[in-house]
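> Okay, so here is work-v3.tsv, and as you'll see once you scroll down, it has TSV, C-alpha atoms.
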```
chain	number	residue	atom	x	y	z
A	1	MET	CA	70.97	53.11	65.03
A	2	GLN	CA	71.22	53.64	68.76
A	3	GLU	CA	68.53	51.05	69.44
A	4	ALA	CA	70.05	48.56	66.99
A	5	ILE	CA	73.58	48.81	68.43
A	6	THR	CA	72.24	48.56	71.98
A	7	ARG	CA	70.24	45.46	71.06
A	8	ILE	CA	73.33	43.73	69.66
A	9	LEU	CA	75.43	44.59	72.73
A	10	ASP	CA	72.68	43.40	75.08
A	11	ARG	CA	71.68	40.19	73.28
A	12	TYR	CA	74.70	38.86	71.38
A	13	LEU	CA	76.29	36.77	74.16
A	14	ILE	CA	72.87	35.37	75.11
A	15	GLU	CA	72.00	34.43	71.53
A	16	LYS	CA	75.48	33.05	70.96
A	17	ARG	CA	74.62	30.17	73.28
A	18	LYS	CA	71.79	29.22	70.93
A	19	GLU	CA	71.82	27.58	67.50
A	20	PHE	CA	73.31	29.87	64.84
A	21	ALA	CA	71.14	28.81	61.90
A	22	LYS	CA	68.07	31.03	61.44
A	23	ASN	CA	68.85	33.00	64.58
A	24	LYS	CA	66.78	36.19	64.72
A	25	LEU	CA	69.60	38.39	66.09
A	26	ALA	CA	72.03	37.21	63.40
A	27	HIS	CA	69.38	37.92	60.78
A	28	PHE	CA	68.70	41.32	62.38
A	29	LEU	CA	72.39	42.21	62.19
A	30	ARG	CA	72.81	41.10	58.57
A	31	GLY	CA	69.49	42.52	57.40
A	32	ASP	CA	67.85	45.31	59.38
A	33	VAL	CA	70.99	46.94	60.77
A	34	SER	CA	72.84	46.79	57.46
A	35	SER	CA	69.86	48.28	55.62
A	36	LYS	CA	69.56	51.11	58.14
A	37	ILE	CA	73.24	52.05	57.79
A	38	GLN	CA	73.07	51.64	54.00
A	39	GLY	CA	70.25	54.22	53.96
A	40	ILE	CA	72.29	56.72	55.97
A	41	VAL	CA	75.33	56.31	53.72
A	42	ASP	CA	73.27	56.47	50.51
A	43	SER	CA	71.68	59.73	51.65
A	44	GLU	CA	75.07	61.41	51.15
A	45	HIS	CA	76.85	59.00	48.78
A	46	PRO	CA	74.26	57.23	46.61
A	47	ASP	CA	75.40	53.94	45.02
A	48	GLN	CA	79.02	54.43	46.10
A	49	PHE	CA	79.21	52.17	49.15
A	50	LYS	CA	78.21	48.64	50.02
A	51	VAL	CA	77.17	47.90	53.61
A	52	SER	CA	77.27	44.34	54.89
A	53	ALA	CA	77.49	42.67	58.30
A	54	SER	CA	78.49	39.36	59.81
A	55	ALA	CA	77.72	37.42	62.95
A	56	GLY	CA	79.69	34.46	61.63
A	57	GLN	CA	79.66	31.92	58.81
A	58	GLY	CA	77.99	28.68	59.82
A	59	GLN	CA	78.77	29.40	63.45
A	60	TRP	CA	78.88	32.38	65.75
A	61	ALA	CA	81.74	34.82	65.30
A	62	GLU	CA	83.66	35.90	68.36
A	63	ILE	CA	83.59	39.46	67.04
A	64	PRO	CA	80.62	40.55	64.90
A	65	TRP	CA	81.06	43.50	62.58
A	66	ILE	CA	79.26	45.84	60.19
A	67	GLY	CA	81.34	47.09	57.27
A	68	VAL	CA	81.00	50.12	55.00
A	69	PHE	CA	82.95	49.49	51.80
A	70	ASP	CA	83.70	51.89	48.95
A	71	LYS	CA	82.99	49.73	45.90
A	72	GLU	CA	86.00	51.14	44.05
A	73	ILE	CA	88.29	49.87	46.81
A	74	THR	CA	86.82	46.67	48.26
A	75	GLU	CA	83.54	44.96	49.08
A	76	SER	CA	84.78	42.83	51.97
A	77	PRO	CA	87.00	43.20	55.06
A	78	THR	CA	89.68	40.90	53.66
A	79	HIS	CA	91.47	43.44	51.44
A	80	GLY	CA	91.91	47.18	51.06
A	81	TYR	CA	90.65	49.55	53.73
A	82	PHE	CA	87.16	50.36	54.94
A	83	VAL	CA	84.97	51.70	57.73
A	84	MET	CA	83.53	49.22	60.18
A	85	TYR	CA	81.62	48.89	63.42
A	86	VAL	CA	83.52	46.16	65.26
A	87	PHE	CA	82.25	44.79	68.58
A	88	THR	CA	84.40	43.68	71.49
A	89	SER	CA	84.26	39.97	72.29
A	90	ASP	CA	82.71	40.63	75.72
A	91	MET	CA	80.13	43.04	74.22
A	92	SER	CA	81.20	45.83	76.53
A	93	ALA	CA	81.65	48.27	73.62
A	94	VAL	CA	81.67	48.77	69.89
A	95	TYR	CA	84.22	50.73	67.87
A	96	LEU	CA	83.61	52.83	64.78
A	97	SER	CA	86.89	52.23	62.98
A	98	LEU	CA	88.73	53.12	59.80
A	99	ASN	CA	90.45	49.77	59.38
A	100	GLN	CA	92.32	47.49	56.96
A	101	GLY	CA	91.90	44.10	55.32
A	102	TRP	CA	93.94	41.42	57.10
A	103	LEU	CA	94.09	38.80	54.36
A	104	PHE	CA	96.14	41.06	52.05
A	105	PHE	CA	98.83	41.47	54.73
A	106	LYS	CA	98.76	37.78	55.67
A	107	ASP	CA	99.15	36.65	52.05
A	108	THR	CA	101.73	39.31	51.18
A	109	TYR	CA	103.96	39.40	54.26
A	110	GLY	CA	103.45	36.05	56.00
A	111	ALA	CA	105.14	36.03	59.41
A	112	GLN	CA	105.62	39.82	59.24
A	113	ALA	CA	101.94	40.51	58.55
A	114	LYS	CA	101.08	41.87	62.00
A	115	GLU	CA	104.06	44.20	61.98
A	116	LYS	CA	103.24	45.43	58.47
A	117	ILE	CA	99.54	46.12	59.08
A	118	ALA	CA	100.46	48.14	62.19
A	119	THR	CA	103.08	50.03	60.15
A	120	ALA	CA	100.50	50.81	57.48
A	121	ALA	CA	98.09	52.18	60.11
A	122	GLU	CA	100.82	54.42	61.50
A	123	ALA	CA	101.78	55.58	58.00
A	124	TYR	CA	98.19	56.52	57.20
A	125	ARG	CA	97.91	58.53	60.41
A	126	ARG	CA	101.06	60.41	59.45
A	127	ILE	CA	99.67	61.15	56.01
A	128	LEU	CA	96.22	62.19	57.18
A	129	GLY	CA	97.34	64.14	60.23
A	130	GLN	CA	95.59	64.59	63.55
A	131	GLU	CA	91.82	64.21	63.70
A	132	GLU	CA	90.19	65.84	66.73
A	133	ARG	CA	86.94	63.94	66.17
A	134	PHE	CA	88.53	60.48	66.30
A	135	ASP	CA	91.03	58.61	68.48
A	136	TYR	CA	94.18	57.09	67.05
A	137	ASP	CA	95.18	54.94	70.03
A	138	ARG	CA	95.15	51.17	69.60
A	139	ILE	CA	91.75	49.60	70.19
A	140	SER	CA	91.11	46.57	72.40
A	141	LEU	CA	88.63	43.94	71.25
A	142	LYS	CA	89.29	41.68	74.25
A	143	THR	CA	90.63	38.81	72.17
A	144	ASP	CA	93.83	36.96	71.33
A	145	ARG	CA	92.54	35.35	68.15
A	146	GLU	CA	94.22	36.21	64.87
A	147	LEU	CA	91.43	38.13	63.16
A	148	GLY	CA	90.55	40.17	66.25
A	149	VAL	CA	94.19	41.08	66.84
A	150	ALA	CA	94.47	42.03	63.16
A	151	TYR	CA	91.55	44.45	63.52
A	152	GLU	CA	93.26	45.94	66.57
A	153	LEU	CA	96.52	46.45	64.67
A	154	GLY	CA	94.82	47.62	61.48
A	155	HIS	CA	92.85	50.37	63.24
A	156	ILE	CA	93.75	53.81	61.86
A	157	TYR	CA	91.26	56.21	63.44
A	158	GLY	CA	88.00	55.66	65.27
A	159	LYS	CA	85.70	56.17	68.20
A	160	LYS	CA	84.62	53.91	71.04
A	161	TYR	CA	81.00	53.61	72.19
A	162	GLU	CA	80.62	52.01	75.62
A	163	LYS	CA	77.67	49.77	76.39
A	164	GLY	CA	75.01	51.79	78.18
A	165	MET	CA	76.45	55.02	76.81
A	166	ILE	CA	75.59	54.77	73.12
A	167	PRO	CA	74.94	58.31	71.79
A	168	GLY	CA	71.80	59.40	69.98
A	169	ASN	CA	71.01	58.72	66.34
A	170	GLU	CA	72.09	62.16	65.09
A	171	THR	CA	75.51	61.86	66.74
A	172	LEU	CA	75.97	58.32	65.41
A	173	LYS	CA	75.01	59.47	61.93
A	174	ARG	CA	77.35	62.45	62.08
A	175	ASP	CA	80.26	60.30	63.31
A	176	LEU	CA	79.67	57.77	60.55
A	177	LEU	CA	79.59	60.38	57.76
A	178	GLN	CA	82.65	62.14	59.19
A	179	ILE	CA	84.75	58.98	59.26
A	180	ILE	CA	83.57	58.19	55.73
A	181	ALA	CA	84.91	61.61	54.71
A	182	LEU	CA	88.25	60.55	56.23
A	183	TYR	CA	87.98	57.25	54.32
A	184	GLU	CA	87.53	59.20	51.10
A	185	ARG	CA	90.59	61.35	51.84
A	186	LEU	CA	92.64	58.19	52.15
A	187	LYS	CA	91.19	56.98	48.85
A	188	VAL	CA	92.42	60.16	47.15
A	189	ILE	CA	95.93	59.53	48.52
A	190	ILE	CA	96.13	55.84	47.62
A	191	GLY	CA	94.03	55.96	44.46
A	192	THR	CA	92.13	53.11	42.86
A	193	GLU	CA	94.76	52.05	40.33
A	194	ALA	CA	96.91	49.18	41.71
A	195	PRO	CA	96.10	50.14	45.31
A	196	GLU	CA	97.93	47.18	46.84
A	197	GLU	CA	101.19	48.23	45.17
A	198	LYS	CA	100.65	51.76	46.47
A	199	ILE	CA	100.08	50.38	49.96
A	200	LYS	CA	103.37	48.46	49.76
A	201	ASN	CA	105.18	51.63	48.72
A	202	ILE	CA	103.62	53.63	51.58
A	203	ILE	CA	104.76	50.98	54.07
A	204	SER	CA	108.27	50.93	52.59
A	205	GLU	CA	108.58	54.72	52.63
A	206	HIS	CA	107.36	54.88	56.21
A	207	GLU	CA	109.84	52.24	57.35
A	208	THR	CA	112.78	54.17	55.85
A	209	ALA	CA	111.64	57.53	57.27
A	210	PRO	CA	112.99	58.76	60.64
A	211	GLN	CA	110.96	56.99	63.30
A	212	VAL	CA	109.16	58.74	66.14
A	213	SER	CA	106.47	57.52	68.48
A	214	ASN	CA	102.85	57.92	67.52
A	215	ALA	CA	102.22	60.37	70.36
A	216	LYS	CA	105.33	62.40	69.55
A	217	PHE	CA	104.35	62.57	65.90
A	218	MET	CA	100.84	63.76	66.69
A	219	ASP	CA	102.28	66.39	69.05
A	220	GLU	CA	104.49	67.59	66.21
A	221	VAL	CA	101.51	67.73	63.84
A	222	GLU	CA	99.59	69.80	66.37
A	223	LYS	CA	102.59	72.10	66.91
A	224	ASN	CA	102.93	72.72	63.19
A	225	GLU	CA	99.23	73.47	62.91
A	226	ASP	CA	99.48	75.90	65.83
A	227	GLU	CA	102.31	77.72	64.09
A	228	SER	CA	100.33	77.83	60.87
A	229	ILE	CA	97.28	79.28	62.58
A	230	SER	CA	99.32	81.89	64.43
A	231	LYS	CA	100.16	83.60	61.13
A	232	LYS	CA	98.38	86.94	60.95
A	233	VAL	CA	96.90	89.12	58.26
A	234	ALA	CA	98.41	92.59	58.73
A	235	THR	CA	96.11	95.62	58.78
A	236	ASP	CA	96.86	99.32	59.47
A	237	ASP	CA	97.10	99.12	63.25
A	238	HIS	CA	96.42	95.50	64.18
A	239	SER	CA	96.30	91.95	62.90
A	240	VAL	CA	93.46	89.45	62.60
A	241	ASP	CA	93.56	85.65	63.06
A	242	LEU	CA	92.76	83.79	59.85
A	243	TYR	CA	91.06	81.01	61.84
A	244	ALA	CA	89.63	82.86	64.82
A	245	LEU	CA	86.25	81.26	65.49
A	246	SER	CA	85.58	78.17	67.58
A	247	LEU	CA	82.66	75.88	66.81
A	248	GLN	CA	80.75	77.42	69.72
A	249	GLU	CA	81.33	80.94	68.40
A	250	VAL	CA	80.18	80.03	64.89
A	251	SER	CA	77.10	78.39	66.42
A	252	GLU	CA	76.28	81.51	68.46
A	253	ARG	CA	76.73	83.86	65.50
A	254	CYS	CA	74.44	81.71	63.36
A	255	ALA	CA	71.93	81.19	66.18
A	256	LEU	CA	71.95	77.45	65.45
A	257	PRO	CA	72.55	74.41	67.71
A	258	VAL	CA	76.18	73.27	67.89
A	259	ASP	CA	75.47	69.85	66.33
A	260	GLU	CA	73.60	71.41	63.41
A	261	THR	CA	76.33	74.03	62.92
A	262	GLU	CA	79.02	71.36	62.92
A	263	GLY	CA	77.08	69.36	60.34
A	264	PHE	CA	76.96	72.35	57.99
A	265	LEU	CA	80.64	73.12	58.56
A	266	ASP	CA	81.62	69.52	57.80
A	267	GLU	CA	79.71	69.60	54.52
A	268	LEU	CA	81.16	73.01	53.59
A	269	GLU	CA	84.67	71.73	54.28
A	270	LYS	CA	84.06	68.54	52.33
A	271	ALA	CA	82.90	70.65	49.36
A	272	GLY	CA	86.06	72.76	49.56
A	273	ILE	CA	84.17	75.97	50.37
A	274	CYS	CA	85.85	76.58	53.73
A	275	SER	CA	88.46	74.80	55.82
A	276	SER	CA	89.21	74.42	59.51
A	277	LYS	CA	92.36	74.13	61.59
A	278	ILE	CA	93.10	72.24	64.79
A	279	VAL	CA	94.68	74.16	67.69
A	280	GLU	CA	95.35	72.38	70.99
A	281	GLY	CA	92.82	69.72	70.08
A	282	LYS	CA	90.11	72.26	69.21
A	283	ARG	CA	88.76	73.06	65.77
A	284	PHE	CA	88.77	76.65	64.53
A	285	PHE	CA	87.06	78.16	61.50
A	286	PRO	CA	87.55	81.18	59.20
A	287	LEU	CA	85.84	84.50	59.93
A	288	ASP	CA	83.38	84.04	57.05
A	289	SER	CA	82.15	80.67	58.39
A	290	PRO	CA	79.00	82.05	60.11
A	291	GLU	CA	77.86	83.66	56.86
A	292	LEU	CA	78.39	80.41	54.93
A	293	VAL	CA	76.59	78.33	57.56
A	294	SER	CA	73.68	80.80	57.64
A	295	ARG	CA	73.35	80.61	53.86
A	296	ALA	CA	73.38	76.80	53.98
A	297	ALA	CA	70.83	76.77	56.83
A	298	ALA	CA	68.52	79.12	54.93
A	299	LEU	CA	68.61	76.91	51.84
A	300	SER	CA	68.05	73.83	54.00
A	301	ALA	CA	65.02	75.50	55.61
A	302	GLU	CA	63.57	75.94	52.12
A	303	GLY	CA	63.52	72.15	51.73
A	304	GLN	CA	66.91	71.37	50.24
A	305	SER	CA	68.97	68.52	51.67
A	306	LEU	CA	72.18	69.36	53.51
A	307	GLY	CA	74.31	68.24	50.57
A	308	ASP	CA	72.17	70.13	48.04
A	309	SER	CA	72.30	73.30	50.16
A	310	VAL	CA	76.08	73.25	50.23
A	311	GLU	CA	76.23	72.45	46.52
A	312	SER	CA	73.97	75.45	45.80
A	313	ILE	CA	76.36	77.70	47.71
A	314	LYS	CA	79.30	76.26	45.81
A	315	GLU	CA	77.59	76.76	42.45
A	316	GLY	CA	76.49	80.26	43.47
A	317	ASP	CA	80.00	81.18	44.56
A	318	GLU	CA	81.43	79.87	41.31
A	319	LEU	CA	78.82	81.85	39.36
A	320	ASP	CA	79.57	84.97	41.40
A	321	ALA	CA	83.27	84.48	40.75
A	322	LYS	CA	82.61	84.21	37.00
A	323	LYS	CA	80.43	87.33	37.05
A	324	LEU	CA	83.10	89.20	38.99
A	325	LYS	CA	85.74	88.09	36.52
A	326	ASP	CA	83.59	89.23	33.58
A	327	LEU	CA	82.98	92.55	35.32
A	328	ASP	CA	86.70	92.97	35.95
A	329	GLU	CA	87.39	92.35	32.28
A	330	LYS	CA	84.77	94.92	31.24
A	331	VAL	CA	86.14	97.50	33.68
A	332	ASP	CA	89.67	96.83	32.45
A	333	LYS	CA	88.55	97.25	28.83
A	334	LEU	CA	86.68	100.46	29.65
A	335	SER	CA	89.68	101.76	31.60
A	336	LYS	CA	91.93	101.14	28.62
A	337	SER	CA	89.47	102.96	26.35
A	338	ILE	CA	89.37	105.94	28.71
A	339	ASP	CA	93.17	105.97	28.89
A	340	SER	CA	93.33	105.96	25.09
A	341	LEU	CA	90.83	108.83	24.77
A	342	SER	CA	92.63	110.78	27.48
A	343	ALA	CA	95.95	110.35	25.67
A	344	LYS	CA	94.42	111.53	22.39
A	345	PHE	CA	92.82	114.53	24.07
A	346	SER	CA	96.10	115.49	25.76
A	347	SER	CA	97.88	115.17	22.43
A	348	HIS	CA	95.40	117.48	20.73
A	349	VAL	CA	95.65	120.08	23.52
A	350	ALA	CA	99.42	119.98	23.36
A	351	LYS	CA	99.38	120.48	19.61
A	352	TYR	CA	96.97	123.41	19.96
A	353	HIS	CA	99.18	125.22	22.49
A	354	SER	CA	102.38	124.58	20.57
A	355	ALA	CA	100.99	125.56	17.12
A	356	THR	CA	101.92	128.98	15.56
A	357	GLU	CA	98.92	131.31	15.77
A	358	LYS	CA	97.42	132.12	12.40
A	359	LYS	CA	97.29	135.86	11.52
A	360	GLY	CA	93.60	136.13	10.84
A	361	PHE	CA	90.90	138.42	12.28
A	362	CYS	CA	91.59	137.40	15.86
A	363	TYR	CA	95.27	138.18	15.45
A	364	HIS	CA	94.65	141.66	14.14
A	365	PHE	CA	91.96	142.30	16.78
A	366	LYS	CA	94.41	141.41	19.57
A	367	GLU	CA	97.16	143.51	18.02
A	368	ALA	CA	94.83	146.53	17.89
A	369	PHE	CA	94.23	146.36	21.62
A	370	ARG	CA	97.92	145.90	22.30
A	371	SER	CA	98.74	149.05	20.29
A	372	ILE	CA	96.11	151.05	22.21
A	373	GLY	CA	97.66	149.92	25.44
A	374	LYS	CA	101.09	150.99	24.31
A	375	LYS	CA	99.89	154.50	23.28
A	376	LYS	CA	98.27	155.07	26.72
A	377	ALA	CA	101.46	154.07	28.38
```
Reformat the file's structure so that it appears as structure tokens.


Amino acid sequence: MQEAITRILDRYLIEKRKEFAKNKLAHFLRGDVSSKIQGIVDSEHPDQFKVSASAGQGQWAEIPWIGVFDKEITESPTHGYFVMYVFTSDMSAVYLSLNQGWLFFKDTYGAQAKEKIATAAEAYRRILGQEERFDYDRISLKTDRELGVAYELGHIYGKKYEKGMIPGNETLKRDLLQIIALYERLKVIIGTEAPEEKIKNIISEHETAPQVSNAKFMDEVEKNEDESISKKVATDDHSVDLYALSLQEVSERCALPVDETEGFLDELEKAGICSSKIVEGKRFFPLDSPELVSRAAALSAEGQSLGDSVESIKEGDELDAKKLKDLDEKVDKLSKSIDSLSAKFSSHVAKYHSATEKKGFCYHFKEAFRSIGKKKA
């Protein structure tokens, strides 16, 4: 990916001066680059997403793009919402962006379309909360054309890669899968039934809510998260932070590289096995995170994929929980049986002590000794 993105940034303006038809760079963007990204996405989400790219239709586009589309939402950048790599017009950078389809807003709101798409982006950021891994500031594609401006306004979260500073393949892959996870969270919120109506409602609700600036809102989100994390679990003489470990600390305890540790933690969080919190822009994890990461790493070392390793832990934990529940039920049943036997035994003992002694051999034997005692006295 690094080589492909660098090639586009280096060559696009040069090739743009040439004939568009059958251009090798345009074909490379639509074919090779799309296929490479499709493979990365399919490795975690098989058959769920469609990846396509454009350098223009019949002529060169000012802003080329590569889109990652959830098939249940959209298969083009005209409607819905999606992940995209969108290049600046001067090829100085490329953005990885969670973005929105412009044509829906243009057809629905007309002259107010730009205002509404920006409002939707702000509403989504409010709903999703702060994301330490991605920026939420407005992007700049170095253009004043309608579609480019629409992408700028429709940007929800993302990350900028400067020309000459494109990160390595593993980082690019991790960033892509992480923003897809954010994409999927938004899908859960909006749903797939009548999504455009839901989007209208989200915009309307946001417009009637008390308005604060984007920065102020994100500060408030961070403050609330800080307060949430500061809650303690009381023990006899001290208290322990629920989310006490930084990424670096989890990495050190697992004896794994930071990038690899973060990859495992992201998958564990996506599977609902553990969760993280953001404090002052930093991500913190529960105390049991190192154990979970170590288990996932061990399974991965045995040949399982990252996703399969996490799924094995999830299935194992669910099985352990079921076994524990069954054991609890057996212990409870046994305890009740013991309580019942104990009650019966106590009842029998009480009856024995309270019963009138029968005047048989034992009675007369005891009385004989008593009479001897009395005579000696």

> Please compute the atom CA of A:Lys71-atom CA of A:Val51 distance, one decimal, in Å.

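Answer for the atom CA of A:Lys71 to atom CA of A:Val51 separation: 9.8 Å.
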
> Can you pull out the residues contacting A:Asn99? Cut-off 9 Å, using all atoms listed in the file, and skip same-chain residues under 5 positions away; I want them as number ranges by chain.

A: 77, 80-84, 121, 151-158

> Counting only C-alpha atoms, which residue out of A:Ile139, A:Phe104, A:Leu245, A:Tyr12 sits closest to A:Glu197?

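Nearest candidate to A:Glu197 out of A:Ile139, A:Phe104, A:Leu245, A:Tyr12: A:Phe104.
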
> Hey, what's within 6 Å of stretch 142-145 of chain A if we count all atoms listed in the file and toss same-chain stuff fewer than 2 positions away? As number ranges by chain, please?

A: 88-89, 140, 147-148

> Can you work out which one of A:Glu75, A:Glu249, A:Asp308, A:Glu3 has the shortest atom-to-atom distance to A:Asp32, counting only C-alpha atoms?

A:Glu3

> Rounded to one decimal, what separation in Å do you get between atom CA of A:Lys18 and atom CA of A:Gln59?

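According to the coordinates, atom CA of A:Lys18 and atom CA of A:Gln59 are separated by 10.2 Å.
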
> Give as a list in words the set of residues within 8 Å of the point (84.2, 38.1, 57.8), where distances use the file's coordinates and all atoms listed in the file.

Ser54, Gly56, Gln57, Trp65, Ser76, Pro77 and Thr78 of chain A

> In terms of the shortest atom-to-atom distance over all atoms listed in the file, which of A:Gly101, A:Gly168, A:Pro46, A:Pro195 is closest to A:Asp259?

A:Gly168

> With a cut-off of 12 Å, could you pull out the residues of stretch 147-213 of chain A touching stretch 132-135 of chain A and give me the nearest pair of atoms for each, distance in Å to one decimal, using all atoms listed in the file, ordered by chain and ascending number, as JSON lines?


```
{"residue": "A:His155", "atom": "CA", "partner": "A:Asp135", "partner_atom": "CA", "distance": 9.9}
{"residue": "A:Ile156", "atom": "CA", "partner": "A:Asp135", "partner_atom": "CA", "distance": 8.6}
{"residue": "A:Tyr157", "atom": "CA", "partner": "A:Asp135", "partner_atom": "CA", "distance": 5.6}
{"residue": "A:Gly158", "atom": "CA", "partner": "A:Phe134", "partner_atom": "CA", "distance": 5.0}
{"residue": "A:Lys159", "atom": "CA", "partner": "A:Phe134", "partner_atom": "CA", "distance": 5.5}
{"residue": "A:Lys160", "atom": "CA", "partner": "A:Asp135", "partner_atom": "CA", "distance": 8.4}
{"residue": "A:Tyr161", "atom": "CA", "partner": "A:Phe134", "partner_atom": "CA", "distance": 11.8}
{"residue": "A:Thr171", "atom": "CA", "partner": "A:Arg133", "partner_atom": "CA", "distance": 11.6}
{"residue": "A:Arg174", "atom": "CA", "partner": "A:Arg133", "partner_atom": "CA", "distance": 10.5}
{"residue": "A:Asp175", "atom": "CA", "partner": "A:Arg133", "partner_atom": "CA", "distance": 8.1}
{"residue": "A:Leu176", "atom": "CA", "partner": "A:Phe134", "partner_atom": "CA", "distance": 10.9}
{"residue": "A:Leu177", "atom": "CA", "partner": "A:Arg133", "partner_atom": "CA", "distance": 11.7}
{"residue": "A:Gln178", "atom": "CA", "partner": "A:Arg133", "partner_atom": "CA", "distance": 8.4}
{"residue": "A:Ile179", "atom": "CA", "partner": "A:Phe134", "partner_atom": "CA", "distance": 8.1}
{"residue": "A:Ile180", "atom": "CA", "partner": "A:Phe134", "partner_atom": "CA", "distance": 11.9}
{"residue": "A:Ala181", "atom": "CA", "partner": "A:Arg133", "partner_atom": "CA", "distance": 11.9}
{"residue": "A:Leu182", "atom": "CA", "partner": "A:Phe134", "partner_atom": "CA", "distance": 10.1}
```

> Given the choices A:Val188, A:Ala194, A:Met91, A:Val41, which gets closest to A:Ile14 if the distance is worked out from only C-alpha atoms?

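That would be A:Met91, the residue with the smallest distance to A:Ile14.
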
> Give me the box for stretch 295-300 of chain A as AutoDock Vina command-line options, namely the centre and edge lengths in Å to one decimal of a box along x, y and z that holds every listed atom plus 8 Å on each side.


```
--center_x 70.7 --center_y 77.2 --center_z 54.3 --size_x 21.3 --size_y 22.8 --size_z 21.0
```

> Taking into account only C-alpha atoms, which residue in the set A:Glu44, A:His206, A:Tyr95, A:Ile127 is nearest to A:Val310?

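Of A:Glu44, A:His206, A:Tyr95, A:Ile127, the one nearest A:Val310 is A:Glu44, counting only C-alpha atoms.
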
> Ranking A:Val86, A:Ala209, A:Ile5, A:Ala297 by minimum distance to A:Val68 and counting all atoms listed in the file, which one comes first?

A:Val86

> Would you mind reading off the distance between atom CA of A:Leu186 and atom CA of A:Leu128, one decimal, in Å?

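Pair atom CA of A:Leu186 / atom CA of A:Leu128 returns 7.4 Å.
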